[in-house]
Amino acid sequence: MLGSGIIKGMVETARNFVGSYIDENRLVTVEYPEERLPLKEASRNFPFLVYDGDDAAKGLRCVACQICEKECPPQCIYIIKDTAKKPDYIGKMQLQPKVFDIDLSVCMSCQICVEVCPFEAIKMDTEYELSTSDRFEGLLLHKEDLWKSNQYYHKIHPTEAAEVDARLAEEKAKAEAKAKADAEAKAKAAAEARAKAAVPVPAPTPSPTPQPVKTA
Amino acid sequence: MSVEVEIPSSKTYSVLPKMGPDGGVEGEVLEVAMGPQHPSTHGVFRMDVVLDGETVVKLKPVFGYLHRNHEQIAESTSYLGSMPYTDRLDYFCSLTNNWAYALSVERLAGLQAPERAEYIRVITAELTRLVNHTCLAGFLLMDMGALGTPLMYAFREREKILDLFEALTGARMMCNYMRFGGCRVDLPAGWLEQARKIVAEFPRFLDEYENLLTTNEILLARTQNVGVLPRELAINASITGPMLRASGIDYDLRKVDKYGIYERFDFRVPLGDHGDVYDRYMIRILECRESLKILNKALADIPAGPIIDPKAKIRGFRPKAGEAYGRIEAPKGELGFYLISDGGPNPYRYHVRAPSFINLTILEDMCLGHTVADVVVILGSVDIVLGEVDR
């Protein structure tokens, strides 16, 4: 019958229309900004810098190695190294960034900086309401805007942050064990040296080499 | 030095308009530039159409408005660095783009993705195919004047799949997920259950969609015998994907190339007889159903294990000199990446074989003799994404 296909389609739309009042699956609209969807744990938006402890400047994990700057596909990261050094989580002296800028208007949220960072210093944020009326300066984030605490990282990506912490702790333990072993070895070596020094080295007395008895 | 430009004295028409006895055109032909800001062109794309009344006598596709130097950028950035750019080729199907690029780099560097990663790739690629095909049907109907309803139903389902992608990759569309020799992260807890639930519910949506559209008389009148693509022309113009199969040629890279682990799955390749717009619409719906079969099996069989080849390197990745071509059956057709390495950190040559672009080349042959309103429908059935056409 001509028109039966159209009627069938109309029935379908009617079912959807009525269904949207009762069926949860058809009721999909979320009235942003009054209500928001919960963020996925894996969701990512723009990078931020992680610091340990309470002092951001002191605890910043970034060591200004510039790998992320080099690998960033749209090249939105800008780093200047500081001349002063500071100890990192193992206690090794490392460089630190004097300037660390990310231009959010260029960043494409690809997460490659996070993947290439060997120091777990840069991670992805989930903050998305970032609009600003200042077109140039407003979207250019400096080191001071970018640093966020490790607690914040734990809050937004709990699983990932726990893994990172475990890895860092393991590395630290390894480094400490190595340092301890080194120290012990050093101490041992020193002790040995001391012992060597302390033990009265037999004076180079002329060895009682038996004089060849002259036999007539 | 002056450059001589040859100006043709008379215009040539692919289909002759009404000719007078002296060989000239009787009455007037009208030249119309459809686009670049035309809502039915799926982006910034222009068609220079010559019309005799309502009938198309000549059509010239003009593109390049969205050119962004994709290949040159990829040649000057590291191998990993151009992975996020591949998301932006066909922004509807970023995961299949990732896969094609990862596949060609794997061939170049001799990496092999582990079993679990291959399963994840198949699952994400088939989910992408569901997204692409249902939304394409929605866009096609929107071009015909069904403003909203089919597209919004398709988007409702797409949203569920994009939620899955977000939970897995962190982004809804620009996933940047595949890596050379595997995938970036493992599936989060509960992801497989969620995916199984969505896949189990999807047939109901497809039935609903078909109820709404497939037998609709207006759709039949607008699509049957419109934009017929003959088999010979389809082969000669190297058309691939659902367009080719709608013309009745059995060519699916998942069957032909058996890349990844596709030979383990039992699925059929739907074929059309007429090669018209209706066949192209129908092929896509049928392919969705076949994809669901693959998904059901893959979601049931996925093994545990590592997700990345231990030989894969994130920093300092330099494949040895050589060339490689990796291709996959993307939702729009054969998507291939051709790479030449000179042993450096970035490819010496990087070329994309984009299905949208090549499928667009026969637009004129399909449109001639049809009316302007049909041109819009035919273009819709080609399934182009301008991000991939212009690169």
# chains A, B, ... in the order shown; residues from 1 in each chain; ligands from 1
call {"tool": "closest_atom_pairs", "arguments": {"of": "chain B", "to": "chain A", "cutoff": "9 Å", "atoms": "only C-alpha atoms", "output": "Markdown table"}}
result
| residue | atom | partner | partner_atom | distance |
| --- | --- | --- | --- | --- |
| B:Ile73 | CA | A:Pro73 | CA | 8.9 |
| B:Thr77 | CA | A:Pro73 | CA | 6.7 |
| B:Ser78 | CA | A:Glu71 | CA | 7.3 |
| B:Leu80 | CA | A:Ile112 | CA | 8.1 |
| B:Gly81 | CA | A:Pro73 | CA | 5.1 |
| B:Ser82 | CA | A:Pro73 | CA | 7.0 |
| B:Met83 | CA | A:Cys110 | CA | 8.9 |
| B:Pro84 | CA | A:Cys110 | CA | 6.0 |
| B:Tyr85 | CA | A:Pro73 | CA | 8.4 |
| B:Thr149 | CA | A:Thr13 | CA | 8.0 |
| B:Arg156 | CA | A:Val28 | CA | 7.3 |
| B:Asp163 | CA | A:Lys40 | CA | 8.5 |
| B:Glu166 | CA | A:Ser43 | CA | 6.2 |
| B:Ala167 | CA | A:Lys40 | CA | 5.6 |
| B:Leu168 | CA | A:Ala42 | CA | 6.6 |
| B:Thr169 | CA | A:Ala42 | CA | 6.6 |
| B:Gly170 | CA | A:Ser43 | CA | 3.8 |
| B:Ala171 | CA | A:Ser43 | CA | 6.0 |
| B:Arg172 | CA | A:Ser43 | CA | 8.7 |
| B:Met174 | CA | A:Cys110 | CA | 7.8 |
| B:Cys175 | CA | A:Cys110 | CA | 8.0 |
| B:Asn176 | CA | A:Cys110 | CA | 6.5 |
| B:Pro188 | CA | A:Ala42 | CA | 8.5 |
| B:Glu208 | CA | A:Glu12 | CA | 6.8 |
| B:Tyr209 | CA | A:Glu12 | CA | 8.5 |
| B:Glu210 | CA | A:Gly9 | CA | 8.7 |
| B:Asn211 | CA | A:Gly9 | CA | 5.8 |
| B:Leu212 | CA | A:Gly9 | CA | 3.9 |
| B:Leu213 | CA | A:Gly9 | CA | 6.6 |
| B:Thr214 | CA | A:Gly5 | CA | 7.8 |
| B:Thr215 | CA | A:Gly5 | CA | 4.8 |
| B:Asn216 | CA | A:Gly5 | CA | 4.2 |
| B:Glu217 | CA | A:Gly5 | CA | 6.0 |
| B:Ile218 | CA | A:Ile6 | CA | 7.8 |
| B:Ile314 | CA | A:Val116 | CA | 6.5 |
| B:Arg315 | CA | A:Val116 | CA | 6.3 |
call {"tool": "write_last_selection", "arguments": {"atoms": "N, CA and C atoms", "output": "compact mmCIF listing (two decimals), in the first residue's frame"}}
result
# COMPACT_ATOMS: atom_id res chain seq x y z
N ILE B 73 53.52 18.25 7.26
CA ILE B 73 53.67 18.32 8.72
C ILE B 73 54.15 16.98 9.24
N THR B 77 57.59 16.03 11.51
CA THR B 77 57.46 15.71 12.93
C THR B 77 57.78 14.23 13.12
N SER B 78 57.92 13.81 14.37
CA SER B 78 58.31 12.42 14.62
C SER B 78 57.17 11.49 14.25
N LEU B 80 55.62 9.34 16.06
CA LEU B 80 54.55 9.40 17.06
C LEU B 80 53.80 10.72 16.96
N GLY B 81 54.52 11.78 16.62
CA GLY B 81 53.91 13.11 16.60
C GLY B 81 52.83 13.26 15.56
N SER B 82 52.84 12.45 14.50
CA SER B 82 51.77 12.63 13.53
C SER B 82 50.58 11.72 13.81
N MET B 83 50.68 10.90 14.86
CA MET B 83 49.51 10.09 15.23
C MET B 83 48.30 10.95 15.59
N PRO B 84 48.45 11.99 16.44
CA PRO B 84 47.26 12.81 16.70
C PRO B 84 46.74 13.55 15.47
N TYR B 85 47.60 13.81 14.50
CA TYR B 85 47.10 14.47 13.29
C TYR B 85 46.24 13.54 12.46
N THR B 149 15.27 14.34 12.48
CA THR B 149 14.86 13.11 13.17
C THR B 149 15.82 11.93 13.00
N ARG B 156 22.00 9.93 19.03
CA ARG B 156 21.72 9.40 20.37
C ARG B 156 22.50 8.11 20.60
N ASP B 163 30.89 7.64 24.42
CA ASP B 163 31.17 7.52 25.86
C ASP B 163 32.15 6.38 26.11
N GLU B 166 35.49 7.57 25.14
CA GLU B 166 36.06 8.50 26.11
C GLU B 166 36.58 7.74 27.33
N ALA B 167 35.82 6.74 27.76
CA ALA B 167 36.28 5.98 28.92
C ALA B 167 37.58 5.26 28.61
N LEU B 168 37.75 4.86 27.36
CA LEU B 168 38.96 4.12 27.00
C LEU B 168 40.13 5.04 26.68
N THR B 169 39.88 6.02 25.81
CA THR B 169 41.00 6.79 25.27
C THR B 169 41.15 8.16 25.88
N GLY B 170 40.11 8.65 26.55
CA GLY B 170 40.20 9.96 27.16
C GLY B 170 39.59 11.06 26.32
N ALA B 171 39.30 10.78 25.06
CA ALA B 171 38.68 11.79 24.21
C ALA B 171 37.56 11.15 23.42
N ARG B 172 36.57 11.96 23.06
CA ARG B 172 35.44 11.39 22.35
C ARG B 172 35.72 11.22 20.87
N MET B 174 38.86 12.86 19.09
CA MET B 174 40.29 12.86 18.76
C MET B 174 41.00 11.88 19.69
N CYS B 175 40.82 10.59 19.39
CA CYS B 175 41.19 9.57 20.36
C CYS B 175 42.70 9.43 20.56
N ASN B 176 43.46 9.41 19.48
CA ASN B 176 44.91 9.26 19.57
C ASN B 176 45.26 8.07 20.45
N PRO B 188 39.70 0.04 30.69
CA PRO B 188 39.41 0.27 32.10
C PRO B 188 38.41 -0.75 32.64
N GLU B 208 14.70 -0.12 14.58
CA GLU B 208 13.92 1.11 14.69
C GLU B 208 14.24 2.04 13.52
N TYR B 209 15.53 2.11 13.24
CA TYR B 209 16.01 2.98 12.16
C TYR B 209 15.46 2.52 10.83
N GLU B 210 15.45 1.20 10.65
CA GLU B 210 14.95 0.68 9.38
C GLU B 210 13.45 0.85 9.27
N ASN B 211 12.75 0.69 10.37
CA ASN B 211 11.31 0.96 10.37
C ASN B 211 11.05 2.37 9.92
N LEU B 212 11.90 3.25 10.41
CA LEU B 212 11.71 4.67 10.12
C LEU B 212 11.99 4.97 8.66
N LEU B 213 12.99 4.32 8.09
CA LEU B 213 13.50 4.76 6.80
C LEU B 213 13.32 3.79 5.65
N THR B 214 13.68 2.52 5.85
CA THR B 214 13.96 1.67 4.69
C THR B 214 12.80 1.57 3.72
N THR B 215 11.57 1.49 4.21
CA THR B 215 10.47 1.33 3.28
C THR B 215 9.73 2.65 3.03
N ASN B 216 10.30 3.72 3.52
CA ASN B 216 9.63 5.00 3.36
C ASN B 216 9.53 5.39 1.88
N GLU B 217 8.33 5.67 1.40
CA GLU B 217 8.13 5.90 -0.03
C GLU B 217 8.89 7.13 -0.53
N ILE B 218 8.99 8.12 0.32
CA ILE B 218 9.69 9.33 -0.12
C ILE B 218 11.18 9.00 -0.33
N ILE B 314 58.84 4.51 22.88
CA ILE B 314 58.13 5.78 22.81
C ILE B 314 59.10 6.89 22.43
N ARG B 315 60.23 6.96 23.13
CA ARG B 315 61.21 8.00 22.82
C ARG B 315 62.29 7.42 21.92
call {"tool": "select_by_dssp", "arguments": {"residues": "chain A", "states": "alpha helix (DSSP H)", "output": "number ranges by chain"}}
result
A: 4-22, 56-59, 67-71, 112-116, 143-146, 150-156, 158-198
call {"tool": "atom_distance", "arguments": {"atom1": "CA of Arg88 (chain B)", "atom2": "CA of Asp101 (chain A)"}}
result
25.0 Å
call {"tool": "closest_residue", "arguments": {"among": "B:Leu299, B:Ile120, B:Leu141, B:Met282", "to": "Ser40 (chain B)", "atoms": "only C-alpha atoms"}}
result
B:Leu141
call {"tool": "atom_distance", "arguments": {"atom1": "CA of Gly138 (chain B)", "atom2": "CA of Glu159 (chain B)"}}
result
14.1 Å
call {"tool": "atom_distance", "arguments": {"atom1": "CA of Gly145 (chain B)", "atom2": "CA of Asn225 (chain B)"}}
result
18.6 Å
call {"tool": "select_by_dssp", "arguments": {"residues": "region 25-160 of chain B", "states": "strand (DSSP E)", "output": "PyMOL selection string"}}
result
chain B and resi 30-34+46-52+55-62
call {"tool": "residues_around", "arguments": {"residues": "region 326-337 of chain B", "least_positions_apart": "4", "cutoff": "8 Å", "atoms": "only C-alpha atoms", "output": "number ranges by chain"}}
result
B: 93, 96-97, 99-101, 103-105, 107, 125, 128-129, 132-133, 239-243, 252-254, 259, 350-356, 383-384
call {"tool": "write_last_selection", "arguments": {"atoms": "N, CA and C atoms", "output": "tab-separated table (two decimals), in the first residue's frame"}}
result
chain	number	residue	atom	x	y	z
B	93	CYS	N	35.96	9.03	12.32
B	93	CYS	CA	36.48	7.67	12.53
B	93	CYS	C	37.94	7.74	12.95
B	96	THR	N	39.93	4.28	13.36
B	96	THR	CA	40.39	3.53	12.19
B	96	THR	C	41.57	4.24	11.54
B	97	ASN	N	41.59	5.58	11.57
B	97	ASN	CA	42.74	6.29	11.03
B	97	ASN	C	43.99	5.92	11.81
B	99	TRP	N	44.56	3.26	13.39
B	99	TRP	CA	44.94	1.87	13.12
B	99	TRP	C	45.71	1.77	11.79
B	100	ALA	N	45.20	2.46	10.77
B	100	ALA	CA	45.88	2.38	9.47
B	100	ALA	C	47.30	2.92	9.58
B	101	TYR	N	47.47	4.01	10.30
B	101	TYR	CA	48.81	4.59	10.42
B	101	TYR	C	49.70	3.68	11.26
B	103	LEU	N	49.44	0.55	11.60
B	103	LEU	CA	49.73	-0.66	10.83
B	103	LEU	C	50.89	-0.42	9.87
B	104	SER	N	50.90	0.72	9.20
B	104	SER	CA	51.99	0.92	8.24
B	104	SER	C	53.31	1.14	8.96
B	105	VAL	N	53.30	1.83	10.11
B	105	VAL	CA	54.56	2.00	10.84
B	105	VAL	C	55.03	0.66	11.40
B	107	ARG	N	54.59	-2.20	9.98
B	107	ARG	CA	55.23	-2.91	8.86
B	107	ARG	C	56.61	-2.35	8.60
B	125	ALA	N	37.45	-0.49	16.00
B	125	ALA	CA	37.21	-0.18	14.59
B	125	ALA	C	35.77	-0.49	14.20
B	128	THR	N	33.53	2.08	15.54
B	128	THR	CA	33.64	3.27	14.70
B	128	THR	C	32.79	3.13	13.45
B	129	ARG	N	32.78	1.90	12.90
B	129	ARG	CA	31.98	1.68	11.69
B	129	ARG	C	30.49	1.87	11.99
B	132	ASN	N	29.93	5.60	12.15
B	132	ASN	CA	30.01	6.26	10.86
B	132	ASN	C	28.78	5.95	10.00
B	133	HIS	N	28.42	4.67	9.92
B	133	HIS	CA	27.36	4.31	8.99
B	133	HIS	C	26.00	4.83	9.44
B	239	ILE	N	37.32	3.15	-6.91
B	239	ILE	CA	36.42	3.42	-5.79
B	239	ILE	C	36.53	2.25	-4.81
B	240	THR	N	36.45	2.55	-3.54
B	240	THR	CA	36.50	1.47	-2.55
B	240	THR	C	35.39	1.66	-1.53
B	241	GLY	N	35.28	0.68	-0.67
B	241	GLY	CA	34.34	0.80	0.45
B	241	GLY	C	32.91	0.50	0.05
B	242	PRO	N	31.97	0.98	0.85
B	242	PRO	CA	30.55	0.70	0.59
B	242	PRO	C	30.10	1.17	-0.80
B	243	MET	N	30.71	2.21	-1.33
B	243	MET	CA	30.37	2.67	-2.68
B	243	MET	C	30.61	1.57	-3.70
B	252	ASP	N	36.32	-6.41	-0.06
B	252	ASP	CA	36.39	-5.87	1.29
B	252	ASP	C	37.77	-6.22	1.82
B	253	LEU	N	38.53	-5.22	2.21
B	253	LEU	CA	39.90	-5.49	2.64
B	253	LEU	C	39.96	-6.40	3.85
B	254	ARG	N	38.91	-6.40	4.63
B	254	ARG	CA	38.90	-7.30	5.79
B	254	ARG	C	38.93	-8.75	5.34
B	259	TYR	N	44.02	-8.35	7.32
B	259	TYR	CA	44.91	-7.69	8.26
B	259	TYR	C	44.38	-7.90	9.67
B	350	TYR	N	55.54	10.63	3.38
B	350	TYR	CA	54.34	10.21	4.09
B	350	TYR	C	53.18	10.53	3.18
B	351	HIS	N	52.45	9.53	2.78
B	351	HIS	CA	51.33	9.80	1.89
B	351	HIS	C	50.08	9.10	2.40
B	352	VAL	N	48.97	9.78	2.27
B	352	VAL	CA	47.70	9.20	2.71
B	352	VAL	C	46.86	8.89	1.49
B	353	ARG	N	46.39	7.65	1.42
B	353	ARG	CA	45.42	7.30	0.39
B	353	ARG	C	44.06	7.41	1.05
B	354	ALA	N	43.40	8.53	0.81
B	354	ALA	CA	42.18	8.82	1.55
B	354	ALA	C	40.98	8.37	0.73
B	355	PRO	N	40.12	7.51	1.30
B	355	PRO	CA	38.98	7.03	0.53
B	355	PRO	C	37.99	8.12	0.13
B	356	SER	N	37.74	9.08	1.01
B	356	SER	CA	36.78	10.14	0.66
B	356	SER	C	37.21	10.86	-0.60
B	383	ASP	N	29.54	9.78	0.98
B	383	ASP	CA	30.10	9.75	2.32
B	383	ASP	C	31.50	10.35	2.35
B	384	ILE	N	31.55	11.65	2.23
B	384	ILE	CA	32.86	12.30	2.32
B	384	ILE	C	32.98	13.03	3.64
call {"tool": "residues_around", "arguments": {"residues": "His38 (chain B)", "least_positions_apart": "5", "cutoff": "12 Å", "atoms": "only C-alpha atoms", "output": "PyMOL selection string"}}
result
chain B and resi 33+43-47+143+376
call {"tool": "closest_residue", "arguments": {"among": "B:Thr134, B:Ser247, B:Thr361, B:Thr371", "to": "Arg222 (chain B)", "atoms": "only C-alpha atoms"}}
result
B:Thr371
